[in-house]
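With CSV, C-alpha atoms inside, this is coords.csv:
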```
chain,number,residue,atom,x,y,z
A,1,MET,CA,-15.0,16.5,-11.3
A,2,ASN,CA,-11.4,16.9,-10.0
A,3,ILE,CA,-8.8,14.2,-10.8
A,4,VAL,CA,-5.2,14.3,-9.6
A,5,TYR,CA,-2.1,12.4,-10.5
A,6,THR,CA,1.5,12.5,-9.3
A,7,VAL,CA,4.1,11.5,-11.9
A,8,ASP,CA,7.6,12.2,-13.2
A,9,ASN,CA,8.6,12.8,-16.8
A,10,LYS,CA,9.3,9.1,-17.5
A,11,PHE,CA,5.7,8.1,-16.7
A,12,VAL,CA,4.0,10.7,-19.0
A,13,PRO,CA,2.9,8.1,-21.6
A,14,GLN,CA,1.1,6.1,-18.9
A,15,LEU,CA,-0.4,9.3,-17.4
A,16,VAL,CA,-1.8,10.4,-20.7
A,17,THR,CA,-3.2,7.0,-21.4
A,18,CYS,CA,-5.1,7.0,-18.2
A,19,ILE,CA,-6.3,10.6,-19.0
A,20,CYS,CA,-7.5,9.4,-22.4
A,21,SER,CA,-9.4,6.5,-20.7
A,22,VAL,CA,-11.1,9.0,-18.3
A,23,CYS,CA,-12.1,11.4,-21.1
A,24,GLU,CA,-13.3,8.7,-23.5
A,25,ASN,CA,-15.6,7.2,-20.8
A,26,ASN,CA,-16.8,10.4,-19.2
A,27,LYS,CA,-17.6,12.7,-22.1
A,28,LYS,CA,-20.5,14.4,-20.4
A,29,GLU,CA,-18.5,15.3,-17.3
A,30,GLU,CA,-16.7,18.5,-16.7
A,31,ILE,CA,-13.2,17.5,-15.5
A,32,ILE,CA,-10.2,19.4,-14.2
A,33,PHE,CA,-7.1,17.2,-14.2
A,34,TYR,CA,-4.4,18.2,-11.7
A,35,VAL,CA,-1.0,16.8,-12.4
A,36,VAL,CA,1.6,17.0,-9.6
A,37,SER,CA,4.8,17.0,-11.6
A,38,LYS,CA,8.3,15.9,-10.6
A,39,GLY,CA,10.3,17.3,-13.5
A,40,ILE,CA,7.9,16.8,-16.4
A,41,SER,CA,9.6,18.6,-19.4
A,42,LYS,CA,8.3,21.8,-20.8
A,43,GLY,CA,7.6,20.0,-24.1
A,44,ASN,CA,5.6,17.3,-22.4
A,45,LYS,CA,3.7,19.8,-20.4
A,46,ALA,CA,2.7,21.7,-23.5
A,47,ARG,CA,1.6,18.5,-25.3
A,48,LEU,CA,-0.4,17.4,-22.2
A,49,GLU,CA,-2.2,20.7,-22.0
A,50,SER,CA,-3.0,20.6,-25.7
A,51,TYR,CA,-4.2,17.0,-25.6
A,52,VAL,CA,-6.6,17.6,-22.6
A,53,GLU,CA,-7.9,20.7,-24.3
A,54,SER,CA,-8.7,18.6,-27.4
A,55,TYR,CA,-11.3,16.8,-25.1
A,56,ARG,CA,-12.6,20.3,-24.0
A,57,GLN,CA,-11.4,19.5,-20.5
A,58,LYS,CA,-9.1,21.5,-18.2
A,59,ILE,CA,-5.7,20.7,-16.8
A,60,SER,CA,-3.4,22.3,-14.2
A,61,ILE,CA,0.2,21.1,-13.9
A,62,ILE,CA,1.7,21.8,-10.5
A,63,GLU,CA,5.5,21.4,-10.2
A,64,LEU,CA,6.4,19.6,-6.9
A,65,GLY,CA,10.1,20.2,-6.7
A,66,ASP,CA,12.0,18.2,-4.1
A,67,VAL,CA,9.6,16.1,-1.9
A,68,LYS,CA,12.0,16.7,1.0
A,69,ASN,CA,10.9,20.3,1.1
A,70,TYR,CA,7.5,19.1,2.4
A,71,ILE,CA,8.6,16.5,4.9
A,72,GLU,CA,10.7,17.5,7.9
A,73,PHE,CA,12.2,14.1,8.7
A,74,GLU,CA,14.3,11.4,7.0
A,75,PHE,CA,12.3,8.8,5.1
A,76,ASP,CA,12.9,5.6,3.1
A,77,THR,CA,10.4,4.8,0.3
A,78,SER,CA,12.3,1.5,-0.5
A,79,SER,CA,11.9,0.8,-4.3
A,80,TRP,CA,9.1,3.4,-4.8
A,81,ASN,CA,9.6,6.8,-6.3
A,82,ASP,CA,9.4,9.4,-3.5
A,83,ILE,CA,6.8,11.3,-5.6
A,84,VAL,CA,4.2,8.9,-4.0
A,85,LEU,CA,4.5,11.0,-0.8
A,86,ALA,CA,3.0,14.0,-2.6
A,87,ARG,CA,-0.4,12.4,-1.8
A,88,LEU,CA,0.2,13.4,1.8
A,89,VAL,CA,0.5,17.1,1.0
A,90,PHE,CA,-2.3,17.7,-1.5
A,91,ASP,CA,-3.7,20.3,0.9
A,92,ARG,CA,-0.5,22.4,0.3
A,93,LEU,CA,-0.5,21.8,-3.5
A,94,LEU,CA,-4.1,22.0,-4.7
A,95,PRO,CA,-6.2,25.2,-4.7
A,96,GLU,CA,-8.3,25.9,-1.6
A,97,THR,CA,-11.4,25.8,-3.8
A,98,VAL,CA,-11.0,22.1,-4.4
A,99,GLU,CA,-13.3,20.4,-1.9
A,100,LYS,CA,-13.0,16.8,-3.2
A,101,VAL,CA,-10.7,15.1,-5.6
A,102,LEU,CA,-10.2,11.6,-7.1
A,103,TYR,CA,-6.5,10.6,-6.9
A,104,LEU,CA,-5.4,7.9,-9.4
A,105,ASP,CA,-2.1,6.2,-9.7
A,106,GLY,CA,-0.5,6.7,-13.1
A,107,ASP,CA,-0.7,3.0,-13.7
A,108,THR,CA,-4.5,2.9,-13.8
A,109,MET,CA,-7.1,2.7,-16.6
A,110,VAL,CA,-10.7,3.9,-16.3
A,111,ARG,CA,-13.2,1.7,-18.1
A,112,GLY,CA,-16.5,3.4,-17.3
A,113,ASN,CA,-18.4,6.5,-16.0
A,114,LEU,CA,-17.1,7.8,-12.7
A,115,HIS,CA,-20.2,9.9,-11.9
A,116,LYS,CA,-21.6,7.4,-9.3
A,117,LEU,CA,-18.3,7.3,-7.4
A,118,TRP,CA,-18.0,11.1,-7.6
A,119,GLN,CA,-21.5,11.4,-6.0
A,120,THR,CA,-20.6,9.1,-3.0
A,121,ASP,CA,-21.2,10.8,0.3
A,122,LEU,CA,-18.0,11.4,2.1
A,123,SER,CA,-19.4,13.8,4.7
A,124,ASP,CA,-18.1,11.8,7.7
A,125,TYR,CA,-14.9,10.5,6.1
A,126,VAL,CA,-11.6,11.9,5.0
A,127,LEU,CA,-11.3,9.6,2.1
A,128,GLY,CA,-12.7,6.5,0.3
A,129,ALA,CA,-10.5,3.6,-0.7
A,130,ALA,CA,-10.8,-0.1,-1.7
A,131,ILE,CA,-9.6,-2.9,0.4
A,132,GLU,CA,-6.2,-4.6,-0.2
A,133,PRO,CA,-6.7,-8.4,0.4
A,134,THR,CA,-3.0,-9.2,0.4
A,135,ALA,CA,-2.1,-7.2,3.6
A,136,ASN,CA,-1.1,-9.8,6.2
A,137,GLU,CA,-1.6,-9.6,9.9
A,138,GLU,CA,2.1,-8.7,10.5
A,139,ARG,CA,1.7,-5.6,8.2
A,140,LYS,CA,-1.6,-4.6,9.9
A,141,HIS,CA,-0.3,-5.0,13.5
A,142,ALA,CA,2.9,-3.0,12.6
A,143,ILE,CA,0.6,0.1,12.0
A,144,GLY,CA,-1.8,-0.5,14.9
A,145,LEU,CA,-4.6,-2.2,13.0
A,146,ARG,CA,-6.5,-5.1,14.5
A,147,SER,CA,-6.8,-8.3,12.4
A,148,ASP,CA,-10.4,-7.6,11.8
A,149,GLU,CA,-9.8,-4.1,10.5
A,150,PRO,CA,-9.5,-3.5,6.8
A,151,TYR,CA,-6.3,-2.4,5.1
A,152,TYR,CA,-6.7,-0.2,2.0
A,153,ASN,CA,-4.8,0.2,-1.2
A,154,ALA,CA,-3.8,3.8,-1.9
A,155,GLY,CA,-3.7,3.6,-5.7
A,156,VAL,CA,-7.2,5.1,-5.9
A,157,LEU,CA,-8.3,7.5,-3.3
A,158,PHE,CA,-11.5,9.6,-3.3
A,159,ILE,CA,-10.5,12.4,-1.0
A,160,ASN,CA,-12.7,14.8,1.0
A,161,MET,CA,-10.3,17.8,0.8
A,162,LYS,CA,-12.5,19.9,2.9
A,163,LYS,CA,-12.4,17.4,5.8
A,164,TRP,CA,-8.7,16.7,5.1
A,165,ARG,CA,-8.0,20.4,5.8
A,166,GLU,CA,-10.4,20.7,8.8
A,167,MET,CA,-8.7,17.7,10.5
A,168,ASN,CA,-5.2,18.6,9.3
A,169,ALA,CA,-5.1,15.0,8.1
A,170,GLY,CA,-1.9,15.5,6.2
A,171,LYS,CA,-0.1,16.3,9.5
A,172,MET,CA,-1.7,13.3,11.1
A,173,VAL,CA,-0.4,11.0,8.4
A,174,LEU,CA,3.1,12.6,8.4
A,175,ASP,CA,3.3,12.4,12.2
A,176,PHE,CA,2.4,8.8,12.0
A,177,TYR,CA,5.0,8.2,9.4
A,178,GLN,CA,7.6,10.0,11.5
A,179,MET,CA,6.6,8.0,14.5
A,180,HIS,CA,7.6,4.9,12.5
A,181,ASN,CA,11.0,6.5,11.6
A,182,GLY,CA,9.9,7.1,8.0
A,183,LYS,CA,10.1,3.4,7.4
A,184,LEU,CA,7.0,1.5,6.6
A,185,PHE,CA,6.4,-1.5,4.3
A,186,ALA,CA,4.3,0.5,1.8
A,187,ASN,CA,5.4,4.0,3.1
A,188,ASP,CA,2.5,6.5,2.7
A,189,GLN,CA,-0.1,3.8,2.1
A,190,CYS,CA,0.7,2.2,5.5
A,191,ALA,CA,0.8,5.7,7.1
A,192,ILE,CA,-2.7,6.5,5.6
A,193,ASN,CA,-4.1,3.3,6.9
A,194,GLY,CA,-2.6,3.7,10.3
A,195,ALA,CA,-3.3,7.4,10.9
A,196,LEU,CA,-6.8,7.6,9.3
A,197,LYS,CA,-8.2,4.2,10.0
A,198,ASN,CA,-11.4,5.6,11.6
A,199,TYR,CA,-12.0,8.0,8.7
A,200,ILE,CA,-11.8,5.8,5.6
A,201,LEU,CA,-15.0,4.8,3.7
A,202,GLN,CA,-14.6,1.4,2.0
A,203,ILE,CA,-15.5,1.8,-1.7
A,204,PRO,CA,-16.1,-1.2,-4.1
A,205,VAL,CA,-13.0,-3.0,-5.4
A,206,SER,CA,-14.5,-2.3,-8.9
A,207,TYR,CA,-12.8,1.1,-8.5
A,208,ASN,CA,-9.4,-0.3,-7.8
A,209,PHE,CA,-9.3,-3.6,-9.5
A,210,CYS,CA,-5.7,-4.8,-9.0
A,211,ASN,CA,-3.9,-7.8,-10.5
A,212,THR,CA,-4.7,-9.7,-7.2
A,213,TYR,CA,-8.2,-10.3,-8.4
A,214,ARG,CA,-7.0,-12.1,-11.6
A,215,PHE,CA,-5.3,-14.9,-9.6
A,216,TYR,CA,-7.5,-15.7,-6.6
A,217,PRO,CA,-11.0,-17.1,-6.5
A,218,TYR,CA,-13.6,-15.5,-4.2
A,219,LYS,CA,-13.2,-18.1,-1.4
A,220,THR,CA,-9.4,-17.5,-1.3
A,221,LEU,CA,-9.9,-13.7,-1.2
A,222,VAL,CA,-12.2,-14.0,1.7
A,223,LYS,CA,-9.7,-16.2,3.5
A,224,MET,CA,-6.9,-13.8,2.7
A,225,THR,CA,-8.9,-10.9,4.1
A,226,SER,CA,-10.4,-12.6,7.1
A,227,PRO,CA,-11.2,-11.8,9.8
A,228,ALA,CA,-11.8,-8.4,8.1
A,229,LYS,CA,-14.8,-8.4,5.9
A,230,PHE,CA,-14.6,-8.7,2.1
A,231,CYS,CA,-17.6,-8.0,-0.2
A,232,THR,CA,-20.3,-10.6,-0.9
A,233,HIS,CA,-19.8,-13.2,-3.5
A,234,GLN,CA,-22.6,-11.7,-5.6
A,235,GLU,CA,-21.1,-8.2,-5.4
A,236,TYR,CA,-17.7,-9.5,-6.3
A,237,GLU,CA,-18.8,-11.5,-9.3
A,238,ALA,CA,-20.7,-8.5,-10.7
A,239,MET,CA,-17.6,-6.2,-10.2
A,240,LYS,CA,-15.3,-8.7,-11.7
A,241,LYS,CA,-17.3,-8.9,-14.9
A,242,ASN,CA,-17.1,-5.1,-15.4
A,243,PRO,CA,-14.6,-3.4,-13.2
A,244,MET,CA,-14.5,0.4,-13.5
A,245,ILE,CA,-10.8,1.2,-12.8
A,246,ILE,CA,-8.0,-1.2,-13.5
A,247,HIS,CA,-4.9,-0.8,-11.4
A,248,PHE,CA,-1.8,-2.4,-13.0
A,249,LEU,CA,-0.2,-3.1,-9.6
A,250,GLY,CA,2.8,-5.3,-9.7
A,251,GLU,CA,5.3,-6.2,-12.5
A,252,GLU,CA,2.8,-7.3,-15.1
A,253,ARG,CA,1.9,-4.1,-17.0
A,254,PRO,CA,0.7,-3.5,-20.6
A,255,TRP,CA,3.7,-1.5,-21.7
A,256,ARG,CA,6.1,-4.3,-20.8
A,257,VAL,CA,6.8,-6.6,-23.7
A,258,GLY,CA,5.7,-10.2,-23.0
A,259,ASN,CA,3.0,-9.5,-20.4
A,260,LYS,CA,-0.3,-11.5,-20.5
A,261,HIS,CA,-2.4,-9.1,-18.6
A,262,THR,CA,-6.2,-9.5,-19.2
A,263,TYR,CA,-6.6,-5.8,-20.0
A,264,THR,CA,-3.5,-5.2,-22.1
A,265,LYS,CA,-5.4,-5.0,-25.4
A,266,GLU,CA,-7.9,-2.5,-24.0
A,267,TYR,CA,-5.1,-0.4,-22.4
A,268,MET,CA,-3.2,-0.2,-25.7
A,269,LYS,CA,-6.4,1.0,-27.4
A,270,TYR,CA,-6.2,4.1,-25.3
A,271,TRP,CA,-2.4,4.3,-25.5
A,272,ASN,CA,-2.7,4.4,-29.3
A,273,LYS,CA,-5.1,7.3,-29.2
A,274,THR,CA,-2.5,9.6,-27.6
A,275,PRO,CA,0.3,11.6,-29.0
A,276,TRP,CA,2.7,9.3,-27.1
A,277,LYS,CA,1.6,6.2,-29.0
A,278,GLU,CA,5.1,5.8,-30.5
A,279,SER,CA,6.7,5.7,-27.1
A,280,GLU,CA,9.1,2.8,-26.7
A,281,LEU,CA,7.7,-0.2,-24.7
A,282,GLU,CA,9.7,-1.8,-22.0
A,283,TYR,CA,11.9,-4.7,-23.2
A,284,GLY,CA,13.8,-7.1,-21.0
A,285,TRP,CA,10.8,-8.7,-19.2
A,286,GLU,CA,10.3,-11.6,-21.5
A,287,ARG,CA,12.1,-14.2,-19.3
A,288,TYR,CA,10.5,-12.9,-16.2
A,289,PHE,CA,7.0,-13.2,-17.7
A,290,LYS,CA,7.7,-16.8,-19.0
A,291,ALA,CA,8.7,-17.8,-15.4
A,292,PHE,CA,5.8,-15.8,-13.9
A,293,ASN,CA,3.2,-17.4,-16.3
A,294,LEU,CA,4.6,-20.9,-15.5
A,295,PHE,CA,4.4,-20.2,-11.8
A,296,ASN,CA,0.8,-19.0,-12.2
A,297,LEU,CA,-0.1,-22.2,-14.2
A,298,MET,CA,1.4,-24.4,-11.5
A,299,MET,CA,-0.2,-22.5,-8.7
A,300,LYS,CA,-3.7,-22.3,-10.2
A,301,PRO,CA,-5.0,-25.4,-8.3
A,302,PHE,CA,-3.4,-24.0,-5.1
A,303,PRO,CA,-4.4,-20.3,-4.8
A,304,TYR,CA,-3.9,-19.9,-1.1
A,305,LEU,CA,-0.4,-21.5,-1.4
A,306,ARG,CA,0.3,-19.0,-4.1
A,307,PHE,CA,-0.7,-16.2,-1.8
A,308,LYS,CA,1.6,-17.4,1.0
A,309,ILE,CA,4.5,-17.8,-1.5
A,310,MET,CA,4.0,-14.3,-2.9
A,311,ASP,CA,3.7,-12.9,0.6
A,312,LYS,CA,7.2,-14.1,1.3
A,313,LEU,CA,8.6,-13.1,-2.1
A,314,ILE,CA,7.3,-9.6,-2.4
A,315,PRO,CA,9.6,-8.1,0.4
A,316,VAL,CA,12.5,-9.9,-1.4
A,317,PHE,CA,11.5,-8.2,-4.8
A,318,ILE,CA,11.3,-4.8,-3.0
A,319,ARG,CA,14.8,-5.2,-1.6
A,320,HIS,CA,16.1,-6.2,-5.0
A,321,ARG,CA,14.5,-3.3,-6.8
A,322,LYS,CA,15.9,-0.9,-4.1
A,323,LYS,CA,19.5,-2.2,-4.7
A,324,SER,CA,19.1,-2.0,-8.5
```
I need this file expressed as structure tokens, please.
Amino acid sequence: MNIVYTVDNKFVPQLVTCICSVCENNKKEEIIFYVVSKGISKGNKARLESYVESYRQKISIIELGDVKNYIEFEFDTSSWNDIVLARLVFDRLLPETVEKVLYLDGDTMVRGNLHKLWQTDLSDYVLGAAIEPTANEERKHAIGLRSDEPYYNAGVLFINMKKWREMNAGKMVLDFYQMHNGKLFANDQCAINGALKNYILQIPVSYNFCNTYRFYPYKTLVKMTSPAKFCTHQEYEAMKKNPMIIHFLGEERPWRVGNKHTYTKEYMKYWNKTPWKESELEYGWERYFKAFNLFNLMMKPFPYLRFKIMDKLIPVFIRHRKKS
């Protein structure tokens, strides 16, 4: 099993926490972790290698350097770290022998065995991804998707590297990105959705269980996604009870003091198993979370209204983060 991450030095504690969660829940699997690094320190690299070896697993750390060396046009990733674009050049970074790989964002936690996902047949697809219910029609139409076509979240990608190379999918996505002047709402995620829309297998949301699913009931999620298809009610309830991969998408994250995330306690269990357990948590979020929790309480009877409000606020948050 091949698992790949893209992180910088600041995000190493979160990276190793996810690696811990993978290893603890997949002890019978043989795993090679590929870490695409943007300036991870020598000390952290050595500790990472030692930690992964303590689980009798393998790790390969690949130094990325400047992302601009791989992309021949100007781009704007808004408030996101430009290391996210490394996902588009895995064919140039990973060994030729790697035929498939599971990409995980650094802000994820694995709660169960990944064998079933790893055995998913990707023969006819470039990658597998879970649907993103919050993508509105404007965002879809901007990248050439019809309203009834799904939009996928790129935080978890099960990639058929063999087909990626055969189709030169990286070039397809970069060409699409360039065609939109290097400016898309969710940069590489939008580019992947637009360029590869006919080559993406929809995997269960259990493998990319975002914060979205904590705030909206099933009927609202169906309405948000419509006319694209969501999963059945029965499937959703089963996945919600025991999701396999938690994606801490958004501002509410376990390492931020004052958060009320459902899976904070479980995440910190893995955090505390790592050599980075003494890493400083993020302070300064307490007022934000108080306001956020009050907002969620007020909006609980009106989930679709909450979605419409957040749909308007998120671009504002992105612009604010970019300025700061």
Residues within 6 Å of (-10.6, 7.4, -2.3), counting all atoms listed in the file, listed as a compact mmCIF listing (two decimals) with C-alpha atoms, keeping the file's coordinate frame:
```txt
# COMPACT_ATOMS: atom_id res chain seq x y z
CA LEU A 127 -11.30 9.60 2.10
CA GLY A 128 -12.70 6.50 0.30
CA ALA A 129 -10.50 3.60 -0.70
CA VAL A 156 -7.20 5.10 -5.90
CA LEU A 157 -8.30 7.50 -3.30
CA PHE A 158 -11.50 9.60 -3.30
CA ILE A 159 -10.50 12.40 -1.00
```
Requested in this report: Compare A:His115, A:His247, A:Lys28, A:Lys68 by their minimum atom-to-atom distance to Asn153 (chain A), counting all atoms listed in the file, and give me the closest one.
Outcome: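 Looking only at the distances to Asn153 (chain A), the closest residue turns out to be A:His247.
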Report summary line: re CA of Lys300 (chain A) and CA of Tyr216 (chain A): distance 8.4 Å
Report task. For each of A:Arg146, A:Lys27, A:Lys219, A:Lys42, take the minimum atom-to-atom distance to Arg56 (chain A), counting only C-alpha atoms, then give the residue where this is smallest. Result ->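 Once distances to Arg56 (chain A) are computed over only C-alpha atoms, the minimum belongs to A:Lys27.
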Report task. Figure out the distance between CA of Asp8 (chain A) and CA of Tyr51 (chain A), please, to one decimal in Å. Result -> 17.8 Å
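With distances restricted to only C-alpha atoms, A:Ile131 is the closest residue to Tyr207 (chain A) from A:Ala169, A:Val16, A:Ile192, A:Ile131.
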Report summary line: With distances taken over only C-alpha atoms, the candidate from A:Val36, A:Ala154, A:Val257, A:Leu114 nearest Ile245 (chain A) is A:Leu114
Query raised in the report: So how many Å separate CA of Ala191 (chain A) and CA of Tyr70 (chain A), to one decimal?
Result: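 Computed distance, CA of Ala191 (chain A) to CA of Tyr70 (chain A), equals 15.7 Å.
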Requested in this report: Quick one: residues within 6 Å of (-9.8, 5.0, -25.6) (file frame), counting all atoms listed in the file, please, as a ChimeraX atom specification.
Outcome: /A:20-21,24,269-270
**Report entry** Counting all atoms listed in the file, the residue of A:Cys231, A:Ala135, A:Leu145, A:Leu94 that sits nearest Phe307 (chain A)
**Finding:**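 Using all atoms listed in the file, Phe307 (chain A) sits closest to A:Ala135.
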Query - Counting all atoms listed in the file, the option among A:Tyr263, A:Phe176, A:Phe248, A:Trp164 closest to Glu96 (chain A) - result: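 Smallest separation from Glu96 (chain A) among the options: A:Trp164.
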Requested in this report: Find the spatial neighbours of Glu63 (chain A), counting all atoms listed in the file, within a cut-off of 8 Å - ignore same-chain residues fewer than 5 positions away - and output them as a VMD selection string.
Outcome: chain A and resid 36 to 39
Go ahead and save the residues from that selection, with C-alpha atoms, as a CSV table (one decimal), keeping the file's coordinate frame.
```
chain,number,residue,atom,x,y,z
A,36,VAL,CA,1.6,17.0,-9.6
A,37,SER,CA,4.8,17.0,-11.6
A,38,LYS,CA,8.3,15.9,-10.6
A,39,GLY,CA,10.3,17.3,-13.5
```
Subset file as a PDB file, in the first residue's frame: region 265-322 of chain A, C-alpha atoms:
```
ATOM      1  CA  LYS A 265     -10.508  13.392  21.545  1.00  0.00           C
ATOM      2  CA  GLU A 266      -9.801  10.528  19.145  1.00  0.00           C
ATOM      3  CA  TYR A 267      -7.356  12.649  17.137  1.00  0.00           C
ATOM      4  CA  MET A 268      -5.438  13.686  20.244  1.00  0.00           C
ATOM      5  CA  LYS A 269      -5.110  10.016  21.201  1.00  0.00           C
ATOM      6  CA  TYR A 270      -2.956   9.546  18.086  1.00  0.00           C
ATOM      7  CA  TRP A 271      -1.231  12.923  18.531  1.00  0.00           C
ATOM      8  CA  ASN A 272      -0.107  11.815  21.994  1.00  0.00           C
ATOM      9  CA  LYS A 273       1.394   8.594  20.634  1.00  0.00           C
ATOM     10  CA  THR A 274       3.917  10.531  18.521  1.00  0.00           C
ATOM     11  CA  PRO A 275       7.275  12.143  19.336  1.00  0.00           C
ATOM     12  CA  TRP A 276       5.587  15.475  18.544  1.00  0.00           C
ATOM     13  CA  LYS A 277       3.048  15.169  21.366  1.00  0.00           C
ATOM     14  CA  GLU A 278       4.533  18.197  23.132  1.00  0.00           C
ATOM     15  CA  SER A 279       4.089  20.425  20.080  1.00  0.00           C
ATOM     16  CA  GLU A 280       2.331  23.665  20.917  1.00  0.00           C
ATOM     17  CA  LEU A 281      -1.362  23.808  20.075  1.00  0.00           C
ATOM     18  CA  GLU A 282      -2.777  26.834  18.275  1.00  0.00           C
ATOM     19  CA  TYR A 283      -4.136  29.561  20.540  1.00  0.00           C
ATOM     20  CA  GLY A 284      -6.084  32.642  19.506  1.00  0.00           C
ATOM     21  CA  TRP A 285      -9.150  30.785  18.216  1.00  0.00           C
ATOM     22  CA  GLU A 286     -11.237  30.892  21.381  1.00  0.00           C
ATOM     23  CA  ARG A 287     -13.416  33.872  20.417  1.00  0.00           C
ATOM     24  CA  TYR A 288     -13.879  32.554  16.900  1.00  0.00           C
ATOM     25  CA  PHE A 289     -15.077  29.191  18.189  1.00  0.00           C
ATOM     26  CA  LYS A 290     -17.471  30.777  20.670  1.00  0.00           C
ATOM     27  CA  ALA A 291     -19.053  32.745  17.823  1.00  0.00           C
ATOM     28  CA  PHE A 292     -18.961  29.703  15.524  1.00  0.00           C
ATOM     29  CA  ASN A 293     -20.658  27.469  18.096  1.00  0.00           C
ATOM     30  CA  LEU A 294     -23.344  30.094  18.747  1.00  0.00           C
ATOM     31  CA  PHE A 295     -23.940  30.389  14.993  1.00  0.00           C
ATOM     32  CA  ASN A 296     -24.281  26.595  14.670  1.00  0.00           C
ATOM     33  CA  LEU A 297     -26.721  26.468  17.583  1.00  0.00           C
ATOM     34  CA  MET A 298     -28.882  29.187  16.047  1.00  0.00           C
ATOM     35  CA  MET A 299     -28.777  27.581  12.599  1.00  0.00           C
ATOM     36  CA  LYS A 300     -29.509  24.010  13.734  1.00  0.00           C
ATOM     37  CA  PRO A 301     -33.253  24.307  12.942  1.00  0.00           C
ATOM     38  CA  PHE A 302     -32.407  25.896   9.561  1.00  0.00           C
ATOM     39  CA  PRO A 303     -29.676  23.746   7.953  1.00  0.00           C
ATOM     40  CA  TYR A 304     -30.238  24.855   4.360  1.00  0.00           C
ATOM     41  CA  LEU A 305     -30.155  28.512   5.421  1.00  0.00           C
ATOM     42  CA  ARG A 306     -26.865  27.756   7.166  1.00  0.00           C
ATOM     43  CA  PHE A 307     -25.512  26.351   3.896  1.00  0.00           C
ATOM     44  CA  LYS A 308     -26.554  29.458   1.932  1.00  0.00           C
ATOM     45  CA  ILE A 309     -24.983  31.775   4.526  1.00  0.00           C
ATOM     46  CA  MET A 310     -21.722  29.783   4.589  1.00  0.00           C
ATOM     47  CA  ASP A 311     -21.709  29.704   0.793  1.00  0.00           C
ATOM     48  CA  LYS A 312     -21.568  33.509   0.848  1.00  0.00           C
ATOM     49  CA  LEU A 313     -19.104  33.768   3.745  1.00  0.00           C
ATOM     50  CA  ILE A 314     -16.437  31.279   2.624  1.00  0.00           C
ATOM     51  CA  PRO A 315     -15.141  33.451  -0.272  1.00  0.00           C
ATOM     52  CA  VAL A 316     -14.926  36.341   2.221  1.00  0.00           C
ATOM     53  CA  PHE A 317     -12.921  34.172   4.645  1.00  0.00           C
ATOM     54  CA  ILE A 318     -10.580  33.133   1.821  1.00  0.00           C
ATOM     55  CA  ARG A 319      -9.934  36.746   0.816  1.00  0.00           C
ATOM     56  CA  HIS A 320      -9.294  37.662   4.460  1.00  0.00           C
ATOM     57  CA  ARG A 321      -6.816  34.810   4.944  1.00  0.00           C
ATOM     58  CA  LYS A 322      -5.028  35.789   1.752  1.00  0.00           C
TER      59      LYS A 322
END
```
